[in-house]
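File shown here: structure-v7.txt, holding compact mmCIF, C-alpha atoms.
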# COMPACT_ATOMS: atom_id res chain seq x y z
CA MET X 1 139.23 149.19 108.26
CA ASP X 2 141.02 147.25 105.51
CA ILE X 3 142.63 143.86 106.09
CA ASN X 4 144.86 141.90 103.73
CA THR X 5 145.24 138.16 104.11
CA ASP X 6 146.23 135.17 102.01
CA ILE X 7 143.25 133.09 103.11
CA LEU X 8 139.95 134.16 104.64
CA VAL X 9 137.87 131.45 106.31
CA VAL X 10 134.22 132.39 106.86
CA GLY X 11 132.75 130.44 109.78
CA ALA X 12 134.46 128.92 112.83
CA GLY X 13 132.63 125.60 113.02
CA PRO X 14 134.62 122.36 112.83
CA ALA X 15 135.25 122.66 109.07
CA GLY X 16 136.34 126.30 109.17
CA SER X 17 138.62 125.89 112.17
CA LEU X 18 140.36 122.83 110.72
CA ALA X 19 140.82 124.59 107.36
CA ALA X 20 142.32 127.56 109.21
CA ARG X 21 144.55 125.29 111.32
CA GLU X 22 145.92 123.34 108.34
CA ALA X 23 146.57 126.42 106.21
CA ALA X 24 148.18 128.36 109.07
CA ARG X 25 150.44 125.41 109.87
CA ARG X 26 151.83 125.77 106.36
CA GLY X 27 152.94 129.32 107.03
CA VAL X 28 150.38 131.34 105.09
CA ASP X 29 148.34 134.27 106.51
CA VAL X 30 144.92 133.09 107.66
CA LEU X 31 142.00 135.08 109.03
CA LEU X 32 139.06 133.15 110.50
CA ILE X 33 135.84 135.12 111.02
CA GLU X 34 132.78 133.98 112.98
CA LEU X 35 129.32 135.54 112.98
CA LYS X 36 128.48 134.58 116.54
CA SER X 37 129.82 136.05 119.75
CA GLU X 38 130.62 132.59 121.11
CA ILE X 39 132.15 129.94 118.87
CA GLY X 40 130.18 126.68 119.14
CA SER X 41 127.05 128.18 120.70
CA PRO X 42 124.22 127.56 120.24
CA LYS X 43 124.89 124.07 118.92
CA ARG X 44 122.99 122.91 115.84
CA CYS X 45 123.75 119.28 116.31
CA ALA X 46 123.13 115.96 118.09
CA GLU X 47 126.89 115.82 118.87
CA GLY X 48 127.66 112.23 117.80
CA VAL X 49 131.12 111.76 116.35
CA SER X 50 133.36 108.88 115.29
CA LYS X 51 136.29 108.26 117.63
CA SER X 52 138.61 106.87 114.97
CA GLY X 53 137.68 109.70 112.61
CA LEU X 54 139.01 112.27 115.07
CA LEU X 55 142.29 110.42 115.59
CA GLU X 56 142.84 110.15 111.84
CA LEU X 57 142.77 113.96 111.68
CA GLY X 58 145.24 114.35 114.52
CA ILE X 59 142.66 115.45 117.09
CA GLN X 60 143.57 113.99 120.48
CA PRO X 61 140.55 113.16 122.65
CA ASP X 62 140.16 115.68 125.48
CA PRO X 63 137.83 114.98 128.44
CA ARG X 64 136.81 118.65 128.40
CA TRP X 65 134.83 118.16 125.19
CA ILE X 66 133.75 114.53 125.48
CA ALA X 67 130.38 114.41 127.24
CA ARG X 68 130.08 110.63 126.99
CA LYS X 69 131.50 107.60 125.23
CA SER X 70 129.13 105.34 123.34
CA ASN X 71 129.78 101.71 122.47
CA GLY X 72 126.89 100.83 120.24
CA VAL X 73 123.55 101.75 118.83
CA ARG X 74 119.95 100.80 119.58
CA LEU X 75 117.62 100.92 116.59
CA VAL X 76 113.95 101.14 117.55
CA SER X 77 111.09 100.28 115.20
CA PRO X 78 107.62 101.91 115.38
CA ASP X 79 106.26 99.05 117.57
CA GLN X 80 109.21 99.61 119.98
CA THR X 81 111.15 96.51 118.93
CA SER X 82 114.85 97.11 119.67
CA VAL X 83 117.77 96.01 117.54
CA TRP X 84 121.08 96.37 119.35
CA LEU X 85 124.31 96.75 117.41
CA SER X 86 127.68 96.78 119.12
CA GLU X 87 130.67 98.79 118.01
CA ASP X 88 132.80 95.65 118.37
CA THR X 89 130.98 93.79 115.61
CA ILE X 90 130.03 96.45 113.10
CA GLU X 91 131.51 99.78 112.13
CA LEU X 92 129.00 102.47 113.04
CA PRO X 93 129.29 105.88 111.43
CA GLU X 94 129.38 108.94 113.73
CA SER X 95 129.61 106.77 116.81
CA GLY X 96 132.06 106.63 119.68
CA TYR X 97 131.81 109.98 121.42
CA VAL X 98 128.96 112.32 122.21
CA LEU X 99 130.60 115.73 122.24
CA GLU X 100 130.10 118.93 124.15
CA ARG X 101 130.08 120.97 120.95
CA LYS X 102 130.29 124.33 122.71
CA VAL X 103 133.64 123.26 124.14
CA PHE X 104 134.80 121.20 121.16
CA ASP X 105 134.26 123.95 118.58
CA LYS X 106 136.16 126.44 120.74
CA HIS X 107 139.04 124.01 121.14
CA MET X 108 139.24 123.50 117.37
CA ALA X 109 139.36 127.28 116.89
CA MET X 110 142.03 127.54 119.61
CA ASP X 111 144.13 125.00 117.71
CA ALA X 112 143.79 127.18 114.62
CA ALA X 113 144.92 130.19 116.66
CA ARG X 114 147.92 128.27 118.03
CA ALA X 115 148.87 127.36 114.45
CA GLY X 116 148.98 131.08 113.66
CA ALA X 117 145.51 131.92 112.36
CA LYS X 118 143.95 135.24 113.37
CA ILE X 119 140.37 135.00 114.64
CA MET X 120 137.61 137.63 114.75
CA VAL X 121 134.33 136.74 116.47
CA ARG X 122 131.05 138.65 116.08
CA THR X 123 132.05 139.34 112.49
CA GLN X 124 129.46 138.84 109.78
CA ALA X 125 130.34 138.57 106.10
CA THR X 126 127.79 140.60 104.15
CA SER X 127 129.01 140.53 100.55
CA LEU X 128 131.76 139.38 98.25
CA GLU X 129 133.21 141.01 95.17
CA ARG X 130 135.83 139.69 92.82
CA VAL X 131 138.89 141.83 92.17
CA ASP X 132 142.17 141.22 90.34
CA ASN X 133 143.83 138.21 91.89
CA GLY X 134 141.40 137.73 94.73
CA VAL X 135 138.19 138.69 96.45
CA ILE X 136 137.08 141.46 98.76
CA VAL X 137 134.69 140.31 101.45
CA THR X 138 132.81 143.05 103.27
CA ALA X 139 132.07 142.21 106.87
CA ILE X 140 130.60 143.86 109.93
CA HIS X 141 132.74 143.48 113.04
CA MET X 142 130.79 144.72 116.07
CA ASP X 143 129.54 147.98 114.53
CA GLU X 144 132.43 148.57 112.16
CA GLU X 145 132.45 147.77 108.44
CA ILE X 146 135.66 146.07 107.32
CA LYS X 147 136.95 145.15 103.87
CA ILE X 148 138.93 141.93 103.80
CA HIS X 149 141.09 141.39 100.74
CA ALA X 150 141.91 137.69 100.39
CA LYS X 151 143.56 135.61 97.68
CA ILE X 152 141.40 132.64 98.58
CA VAL X 153 138.18 132.47 100.60
CA ILE X 154 137.11 129.24 102.28
CA ALA X 155 133.34 129.23 102.79
CA ALA X 156 132.54 127.38 106.02
CA ASP X 157 129.30 129.21 106.69
CA GLY X 158 127.11 126.21 107.43
CA PRO X 159 123.76 124.99 106.11
CA SER X 160 122.57 128.56 105.49
CA SER X 161 125.64 129.20 103.34
CA ARG X 162 125.61 132.27 101.15
CA VAL X 163 129.30 132.92 100.51
CA GLY X 164 129.52 130.23 97.82
CA ARG X 165 126.50 131.67 96.07
CA TRP X 166 127.96 135.18 96.20
CA ALA X 167 131.01 133.81 94.42
CA GLY X 168 128.76 132.43 91.69
CA LEU X 169 128.80 128.76 92.70
CA ASP X 170 125.76 126.54 92.43
CA SER X 171 125.95 125.51 96.07
CA ASN X 172 122.58 125.94 97.71
CA THR X 173 120.44 123.18 99.19
CA LYS X 174 117.17 122.05 97.66
CA THR X 175 114.23 121.91 100.06
CA GLU X 176 113.70 118.19 99.50
CA ASN X 177 117.25 117.63 100.77
CA MET X 178 117.09 119.75 103.91
CA GLU X 179 116.12 117.98 107.11
CA SER X 180 114.25 120.31 109.44
CA CYS X 181 115.67 119.46 112.87
CA ILE X 182 114.86 120.21 116.47
CA GLN X 183 116.35 118.90 119.69
CA TYR X 184 116.12 119.34 123.42
CA GLU X 185 118.99 118.69 125.76
CA MET X 186 117.17 116.96 128.61
CA ALA X 187 117.76 115.81 132.18
CA GLY X 188 115.85 113.00 133.85
CA VAL X 189 115.96 110.75 130.79
CA ASN X 190 115.40 107.11 131.84
CA MET X 191 117.58 105.38 129.29
CA VAL X 192 117.45 101.57 129.04
CA ASN X 193 121.15 101.80 128.22
CA ASN X 194 122.89 105.16 128.58
CA ASN X 195 126.04 104.00 126.78
CA VAL X 196 124.53 103.66 123.32
CA ILE X 197 123.06 106.11 120.86
CA GLN X 198 119.41 105.43 120.02
CA LEU X 199 117.60 105.93 116.74
CA TYR X 200 113.80 105.69 116.38
CA PHE X 201 112.40 105.11 112.91
CA GLY X 202 109.04 105.44 111.22
CA SER X 203 106.16 107.88 111.31
CA CYS X 204 107.43 109.51 114.53
CA ALA X 205 109.79 111.48 112.24
CA PRO X 206 108.66 111.34 108.57
CA GLY X 207 111.64 111.56 106.22
CA GLY X 208 114.17 111.26 109.03
CA TYR X 209 114.39 109.68 112.46
CA ALA X 210 114.28 110.59 116.13
CA TRP X 211 117.37 110.22 118.30
CA ILE X 212 118.43 109.98 121.92
CA PHE X 213 122.18 110.57 122.34
CA PRO X 214 123.43 110.15 125.93
CA LYS X 215 125.50 112.96 127.45
CA GLY X 216 125.40 111.70 131.04
CA GLU X 217 123.73 109.17 133.34
CA ASP X 218 120.31 110.78 132.82
CA ILE X 219 121.23 113.56 130.38
CA ALA X 220 120.66 113.25 126.64
CA ASN X 221 120.13 115.12 123.42
CA VAL X 222 116.62 114.18 122.33
CA GLY X 223 115.71 115.33 118.87
CA LEU X 224 114.49 114.54 115.41
CA GLY X 225 114.68 115.59 111.81
CA VAL X 226 111.87 115.56 109.24
CA LEU X 227 111.77 116.17 105.51
CA LYS X 228 109.18 118.64 104.36
CA THR X 229 108.36 116.34 101.45
CA HIS X 230 107.26 113.70 103.98
CA ALA X 231 106.00 115.68 107.00
CA ASP X 232 102.87 117.80 107.23
CA ARG X 233 103.63 119.61 110.48
CA PRO X 234 106.58 121.57 111.89
CA ALA X 235 109.39 119.49 113.41
CA TYR X 236 108.72 120.69 116.94
CA GLU X 237 105.22 119.21 116.97
CA TYR X 238 106.65 115.81 116.07
CA LEU X 239 109.29 116.13 118.78
CA ASN X 240 106.85 117.09 121.53
CA GLU X 241 104.72 114.11 120.54
CA PHE X 242 107.73 111.79 120.54
CA ILE X 243 108.85 112.94 123.99
CA GLU X 244 105.37 112.43 125.41
CA ASN X 245 105.07 108.92 123.98
CA CYS X 246 108.62 107.61 124.52
CA PRO X 247 108.92 105.87 127.92
CA GLU X 248 112.49 107.12 128.30
CA THR X 249 111.69 110.80 127.86
CA LYS X 250 108.17 111.30 129.15
CA ASP X 251 109.39 112.42 132.59
CA ALA X 252 112.46 114.32 131.35
CA GLN X 253 112.87 118.09 131.38
CA ALA X 254 114.46 120.23 128.67
CA VAL X 255 117.28 122.58 129.66
CA GLU X 256 118.05 123.74 126.12
CA VAL X 257 116.40 123.77 122.72
CA ASN X 258 118.33 123.60 119.44
CA VAL X 259 117.07 123.90 115.89
CA GLY X 260 118.60 123.85 112.46
CA GLY X 261 118.62 122.64 108.89
CA ASP X 262 120.65 119.57 107.98
CA PRO X 263 121.55 119.24 104.29
CA VAL X 264 121.32 115.51 103.50
CA GLY X 265 121.34 115.61 99.71
CA GLY X 266 125.02 114.78 99.34
CA LEU X 267 127.84 116.98 98.15
CA VAL X 268 126.91 120.19 96.34
CA LYS X 269 127.77 120.33 92.67
CA GLU X 270 130.29 123.14 92.92
CA ARG X 271 132.65 122.99 95.86
CA CYS X 272 135.37 125.05 94.25
CA GLY X 273 135.83 127.99 91.91
CA ASP X 274 138.43 130.66 91.21
CA ASN X 275 139.63 131.93 94.63
CA ILE X 276 137.07 129.88 96.58
CA LEU X 277 136.59 126.52 98.32
CA VAL X 278 133.41 125.45 100.11
CA VAL X 279 133.65 123.11 103.13
CA GLY X 280 131.52 121.42 105.81
CA ASP X 281 127.72 121.72 105.86
CA ALA X 282 127.94 124.57 103.34
CA ALA X 283 129.18 122.04 100.77
CA GLY X 284 126.91 119.19 101.90
CA PHE X 285 129.49 117.16 103.80
CA VAL X 286 126.78 115.32 105.71
CA ASN X 287 126.18 111.58 105.66
CA PRO X 288 122.89 111.35 103.70
CA LEU X 289 121.74 108.34 105.75
CA THR X 290 122.58 109.46 109.28
CA GLY X 291 122.63 113.23 108.87
CA GLY X 292 125.91 113.23 110.79
CA GLY X 293 128.54 115.63 109.54
CA ILE X 294 131.15 116.51 112.15
CA ASN X 295 133.81 114.05 111.00
CA THR X 296 133.38 114.84 107.34
CA ALA X 297 133.25 118.58 108.04
CA LEU X 298 136.59 118.31 109.83
CA GLU X 299 138.05 116.21 107.04
CA SER X 300 136.86 118.56 104.30
CA GLY X 301 138.39 121.44 106.25
CA VAL X 302 141.74 119.69 106.42
CA TYR X 303 141.81 119.07 102.64
CA ALA X 304 140.75 122.65 101.92
CA GLY X 305 143.43 124.06 104.23
CA ILE X 306 146.15 121.97 102.63
CA VAL X 307 145.08 122.70 99.04
CA ALA X 308 144.57 126.43 99.69
CA ALA X 309 147.98 126.83 101.37
CA GLN X 310 149.63 125.05 98.46
CA ALA X 311 147.84 127.36 96.00
CA ILE X 312 149.14 130.39 97.91
CA ASP X 313 152.67 128.96 97.62
CA ASP X 314 152.10 128.38 93.90
CA GLY X 315 150.77 131.93 93.45
CA ASP X 316 147.90 130.37 91.49
CA TYR X 317 144.40 130.66 92.98
CA SER X 318 142.49 129.56 89.91
CA LYS X 319 139.76 126.93 90.01
CA LYS X 320 142.05 124.62 88.08
CA ASN X 321 144.71 124.76 90.74
CA LEU X 322 142.18 124.32 93.56
CA GLU X 323 140.46 121.33 92.00
CA GLU X 324 142.72 118.95 93.90
CA TYR X 325 140.33 119.65 96.81
CA VAL X 326 137.37 118.29 94.82
CA LYS X 327 139.39 115.22 93.87
CA LEU X 328 140.41 114.54 97.49
CA THR X 329 136.90 114.98 98.89
CA ASP X 330 135.29 112.90 96.13
CA GLU X 331 137.73 110.09 96.71
CA HIS X 332 137.67 110.07 100.54
CA ILE X 333 134.12 111.18 101.28
CA GLY X 334 131.86 111.60 98.24
CA GLU X 335 132.05 108.04 96.98
CA SER X 336 130.68 106.56 100.21
CA TYR X 337 127.82 109.08 100.14
CA ASP X 338 126.30 107.50 97.04
CA LYS X 339 125.93 104.26 98.98
CA TYR X 340 124.43 106.01 102.02
CA LYS X 341 122.05 107.96 99.79
CA LYS X 342 120.68 104.75 98.29
CA ALA X 343 120.29 103.27 101.77
CA LYS X 344 118.39 106.37 102.87
CA GLU X 345 116.05 106.19 99.86
CA TYR X 346 115.33 102.57 100.76
CA LEU X 347 114.75 103.43 104.43
CA LEU X 348 112.33 106.21 103.53
CA SER X 349 110.37 103.84 101.27
CA LEU X 350 109.46 101.61 104.24
CA SER X 351 106.13 101.81 106.04
CA ASP X 352 105.84 101.39 109.80
CA ASP X 353 104.66 97.79 109.22
CA GLU X 354 107.65 96.98 107.06
CA LEU X 355 110.03 98.52 109.60
CA ASN X 356 108.46 96.40 112.33
CA LYS X 357 108.81 93.20 110.27
CA ILE X 358 112.46 93.94 109.58
CA ALA X 359 113.12 94.65 113.26
CA HIS X 360 111.45 91.35 114.29
CA GLU X 361 113.72 89.47 111.90
CA PHE X 362 116.85 91.25 113.14
CA VAL X 363 116.05 90.41 116.74
CA LYS X 364 116.40 86.71 115.86
CA VAL X 365 119.97 87.18 114.62
CA ASP X 366 122.80 86.57 117.07
CA ILE X 367 124.19 90.02 117.85
CA ASP X 368 127.78 88.80 117.73
CA GLU X 369 127.34 87.63 114.17
CA ILE X 370 125.98 90.86 112.78
CA SER X 371 128.06 92.34 109.98
CA PRO X 372 127.01 94.51 107.05
CA LYS X 373 126.66 91.32 104.98
CA THR X 374 124.42 89.49 107.44
CA LEU X 375 122.36 92.65 107.87
CA ILE X 376 121.71 92.76 104.14
CA LYS X 377 120.92 89.03 104.05
CA VAL X 378 118.32 89.39 106.79
CA LEU X 379 116.91 92.49 105.10
CA ILE X 380 116.49 90.75 101.78
CA LYS X 381 114.76 87.81 103.46
CA VAL X 382 112.05 89.97 104.94
CA SER X 383 112.00 92.87 102.50
CA PRO X 384 112.54 91.76 98.88
CA LYS X 385 112.82 95.33 97.63
CA ALA X 386 116.02 95.64 99.66
CA LEU X 387 117.70 93.41 97.10
CA LEU X 388 116.66 95.75 94.36
CA LYS X 389 117.73 98.90 96.15
CA LEU X 390 120.71 97.76 98.23
CA GLY X 391 121.95 94.42 96.95
CA LYS X 392 124.70 95.79 94.77
CA LEU X 393 125.90 98.40 97.20
CA PHE X 394 127.34 96.46 100.10
CA MET C 1 106.77 137.73 105.41
CA ILE C 2 106.31 137.83 109.17
CA ILE C 3 109.06 136.58 111.49
CA LYS C 4 107.75 135.58 114.90
CA ASP C 5 109.58 136.60 118.06
CA TYR C 6 110.34 133.00 119.00
CA CYS C 7 112.57 132.49 115.93
CA LEU C 8 115.85 130.85 117.03
CA TYR C 9 117.93 132.22 114.10
CA CYS C 10 119.07 128.77 112.96
CA GLY C 11 119.06 129.82 109.31
CA ALA C 12 117.38 126.73 107.86
CA CYS C 13 115.19 129.19 105.92
CA ALA C 14 118.21 130.96 104.43
CA GLY C 15 119.73 127.62 103.41
CA VAL C 16 116.76 126.68 101.24
CA CYS C 17 115.90 130.15 99.92
CA GLN C 18 116.29 129.84 96.16
CA VAL C 19 116.69 133.59 95.62
CA ASP C 20 119.14 134.29 98.47
CA ALA C 21 116.74 136.76 100.09
CA ILE C 22 117.35 135.80 103.72
CA GLU C 23 120.19 137.10 105.86
CA VAL C 24 120.91 135.39 109.19
CA LYS C 25 122.51 137.44 111.92
CA GLU C 26 123.35 136.19 115.40
CA VAL C 27 119.98 137.10 116.86
CA LYS C 28 118.10 138.44 113.86
CA ILE C 29 116.74 137.27 110.52
CA VAL C 30 116.38 139.84 107.76
CA ILE C 31 114.27 139.14 104.67
CA ASP C 32 114.85 141.23 101.59
CA GLU C 33 111.24 141.76 100.51
CA GLU C 34 112.36 142.97 97.09
CA LYS C 35 114.15 139.71 96.34
CA CYS C 36 111.52 137.48 98.00
CA VAL C 37 109.22 135.73 95.50
CA ASN C 38 106.76 134.47 98.16
CA CYS C 39 107.37 130.81 97.29
CA GLY C 40 106.85 129.75 100.91
CA ILE C 41 109.72 127.26 101.05
CA CYS C 42 111.18 129.01 104.11
CA VAL C 43 107.83 128.77 105.92
CA LYS C 44 107.72 125.02 105.35
CA ILE C 45 111.31 124.29 106.43
CA CYS C 46 111.19 126.24 109.71
CA PRO C 47 111.48 123.67 112.54
CA VAL C 48 109.43 125.85 114.92
CA ASN C 49 106.94 127.47 112.53
CA ALA C 50 108.33 130.95 113.14
CA LEU C 51 107.66 132.29 109.64
CA GLU C 52 104.31 133.30 108.26
CA MET C 53 103.34 134.61 104.85
Kindly transcribe the structure held in the file into structure tokens.
Amino acid sequence: MDINTDILVVGAGPAGSLAAREAARRGVDVLLIELKSEIGSPKRCAEGVSKSGLLELGIQPDPRWIARKSNGVRLVSPDQTSVWLSEDTIELPESGYVLERKVFDKHMAMDAARAGAKIMVRTQATSLERVDNGVIVTAIHMDEEIKIHAKIVIAADGPSSRVGRWAGLDSNTKTENMESCIQYEMAGVNMVNNNVIQLYFGSCAPGGYAWIFPKGEDIANVGLGVLKTHADRPAYEYLNEFIENCPETKDAQAVEVNVGGDPVGGLVKERCGDNILVVGDAAGFVNPLTGGGINTALESGVYAGIVAAQAIDDGDYSKKNLEEYVKLTDEHIGESYDKYKKAKEYLLSLSDDELNKIAHEFVKVDIDEISPKTLIKVLIKVSPKALLKLGKLF
Amino acid sequence: MIIKDYCLYCGACAGVCQVDAIEVKEVKIVIDEEKCVNCGICVKICPVNALEM
């Protein structure tokens, strides 16, 4: 079977569906293909998302995909000292809602369909070749091989992205930048506060952190990410140990297990080429500090959809004409990543003892007075190297 | 390369493969042994230790 389309989007995660939605809204032909038989499942994600970030992209909150609202964060040091931060006093990235990704992702794809995009599930892209004025992507749909001729391809194929590489872009993730993640969705979690997201730092998750994100009264995503440059065992061993030792999870039962790679090295060098744009996890749109990437994936998808549709109108699919996408994403997303990357480097340089000392100092600060500035002040007081690594950033 | 039955097909291995030798299907991982250079990066990144050299 041969298919002709203006724009082919590979991957129906948040980035791909938003790219498809935005492009289709502008009246161009869009085909969105998804490898899996069910969009959004299995999830590869802790499901935390910023409330305001969704509204900015015109996504109206829907109770069908909001598992729980969160109003703050609890940071836990290795000696179990808790630092509580409230959403009212400090802006917290990727905080506000804990999603039901299986429902959310489907709804985003449905919006793309309503805007006019065609969708094919259980369709795997297997190769890409360049032809005059476009690309031909070969894909397997069920058991049938199809050739999709597109003027522009938007690669939204996640952390294991290959489409960008097929098109000749330097877009793959280095091992030292890939968090190896595992998570259980659990019931019977005895949370001290089930309205905040919780992050546990230190040697429980070398190179990353462990998290407990509430999805219900006693339901939570419990997971962690480790960097292979810092950890000496597989992620699941660290998680099982964490669950056994954490008072909140030791009596909980897993009803689902999720795994995945999380690219935390910042934006990939090449996000755009002739006839191609790379979005979402595939392009490294993940906050290097938190590992969260839903909001930025959605945002990158929107920019890609707009720029690609405009290029179709222009009849010019060259890299030069698509570079507006790189400009937009650098300006709105990439610049903040440099700051988060520095913060992450600092965080990873801290020993369990240093983390404990910092937590003890934070506990003394009045919660209502905490702002990024006071946080840094307290940090510098107890950890002089913070000044060196963070002082100029905030 | 041996892929254990309990692999969850997350594709973390494919993401870090420097020679693009790993293909992730919905419920299957395929390694192109001709492209594979036995660097072992995929073994290290696997969250559940499902790969073995």
Could you tell me how far CA of Phe285 (chain X) sits from CA of Ala297 (chain X), in Å to one decimal place?
5.8 Å
Could you name the residues that touch region 345-348 of chain X at 10 Å or less, counting only C-alpha atoms, but leaving out those on the same chain fewer than 4 positions away, as an NGL selection string?
:X and (201-202 or 206-209 or 230 or 288-289 or 340-341 or 354-355 or 385-386 or 388-390)
What's the 9 Å shell around Lys151 (chain X), counting all atoms listed in the file, without same-chain residues fewer than 2 positions away, as an mmCIF file with C-alpha atoms, keeping the file's coordinate frame?
data_model
loop_
_atom_site.group_PDB
_atom_site.id
_atom_site.type_symbol
_atom_site.label_atom_id
_atom_site.label_comp_id
_atom_site.auth_asym_id
_atom_site.auth_seq_id
_atom_site.Cartn_x
_atom_site.Cartn_y
_atom_site.Cartn_z
ATOM 1 C CA ASN X 4 144.860 141.900 103.730
ATOM 2 C CA THR X 5 145.240 138.160 104.110
ATOM 3 C CA ASP X 6 146.230 135.170 102.010
ATOM 4 C CA ILE X 7 143.250 133.090 103.110
ATOM 5 C CA LEU X 8 139.950 134.160 104.640
ATOM 6 C CA ASN X 133 143.830 138.210 91.890
ATOM 7 C CA GLY X 134 141.400 137.730 94.730
ATOM 8 C CA VAL X 135 138.190 138.690 96.450
ATOM 9 C CA ILE X 136 137.080 141.460 98.760
ATOM 10 C CA HIS X 149 141.090 141.390 100.740
ATOM 11 C CA VAL X 153 138.180 132.470 100.600
ATOM 12 C CA ASN X 275 139.630 131.930 94.630
ATOM 13 C CA ILE X 276 137.070 129.880 96.580
ATOM 14 C CA ILE X 312 149.140 130.390 97.910
ATOM 15 C CA TYR X 317 144.400 130.660 92.980
#
Quick one: residues within 12 Å of Ile45 (chain C), all atoms listed in the file counted, chain neighbours fewer than 6 positions away excluded, as a PyMOL selection string?
(chain X and resi 173-182+225-236+259-263) or (chain C and resi 10-17+39+51-52)
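Residue nearest Gly72 (chain X), chosen from X:Pro214, X:Gly53, X:Gly11, X:Gly315 and counting all atoms listed in the file: X:Pro214.
In this model, the gap between CA of Val9 (chain X) and CA of Arg122 (chain X) comes to 13.9 Å.
Distance annotation: of X:Ala283, X:Ala109, X:Cys204, X:Ala23, the residue with the minimal separation from chain C is X:Ala283; atom set is all atoms listed in the file.
One finds CA of Asn258 (chain X) at 24.8 Å from CA of Ser77 (chain X).
You can rank C:Cys7, C:Met53, C:Ile31, C:Met1 by their closest distance to chain X using all atoms listed in the file, and at the top of that list sits C:Cys7.
Residues lying within 8 Å of Ala304 (chain X), counting all atoms listed in the file and ignoring same-chain neighbours fewer than 2 positions away, are Ala19, Ile154, Leu277, Val279, Ser300, Gly301, Val302, Ile306, Val307, Ala308 and Tyr325 of chain X.
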Let me make sure I understand: among X:Ala150, X:Val365, X:Cys272, X:Ile212, which one has the smallest atom-to-atom distance to Leu199 (chain X) if we use all atoms listed in the file?
X:Ile212
Among listed residues X:Val131, X:Ile39, X:Val163, X:Ala117, nearest Val10 (chain X) (using all atoms listed in the file):
X:Val163
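Proximity of X:Thr89, X:Asn195, X:Asn172, X:Ser41 to chain C, computed with only C-alpha atoms, is greatest for X:Asn172.
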Contacts of region 2-4 of chain C within 12 Å, all atoms listed in the file, excl. fewer than 6 positions in-chain, as a PDB file with C-alpha atoms, in the coordinates of the input:
ATOM      1  CA  CYS C  13     115.190 129.190 105.920  1.00  0.00           C
ATOM      2  CA  ILE C  22     117.350 135.800 103.720  1.00  0.00           C
ATOM      3  CA  LYS C  28     118.100 138.440 113.860  1.00  0.00           C
ATOM      4  CA  ILE C  29     116.740 137.270 110.520  1.00  0.00           C
ATOM      5  CA  VAL C  30     116.380 139.840 107.760  1.00  0.00           C
ATOM      6  CA  ILE C  31     114.270 139.140 104.670  1.00  0.00           C
ATOM      7  CA  ASP C  32     114.850 141.230 101.590  1.00  0.00           C
ATOM      8  CA  GLU C  33     111.240 141.760 100.510  1.00  0.00           C
ATOM      9  CA  ASN C  38     106.760 134.470  98.160  1.00  0.00           C
ATOM     10  CA  GLY C  40     106.850 129.750 100.910  1.00  0.00           C
ATOM     11  CA  CYS C  42     111.180 129.010 104.110  1.00  0.00           C
ATOM     12  CA  VAL C  43     107.830 128.770 105.920  1.00  0.00           C
ATOM     13  CA  CYS C  46     111.190 126.240 109.710  1.00  0.00           C
ATOM     14  CA  VAL C  48     109.430 125.850 114.920  1.00  0.00           C
ATOM     15  CA  ASN C  49     106.940 127.470 112.530  1.00  0.00           C
ATOM     16  CA  ALA C  50     108.330 130.950 113.140  1.00  0.00           C
ATOM     17  CA  LEU C  51     107.660 132.290 109.640  1.00  0.00           C
ATOM     18  CA  GLU C  52     104.310 133.300 108.260  1.00  0.00           C
ATOM     19  CA  MET C  53     103.340 134.610 104.850  1.00  0.00           C
TER      20      MET C  53
END
Sphere at (128.0, 140.9, 104.7), radius 6 Å, counting all atoms listed in the file: residues as a ChimeraX atom specification:
/X:124-127,138-139
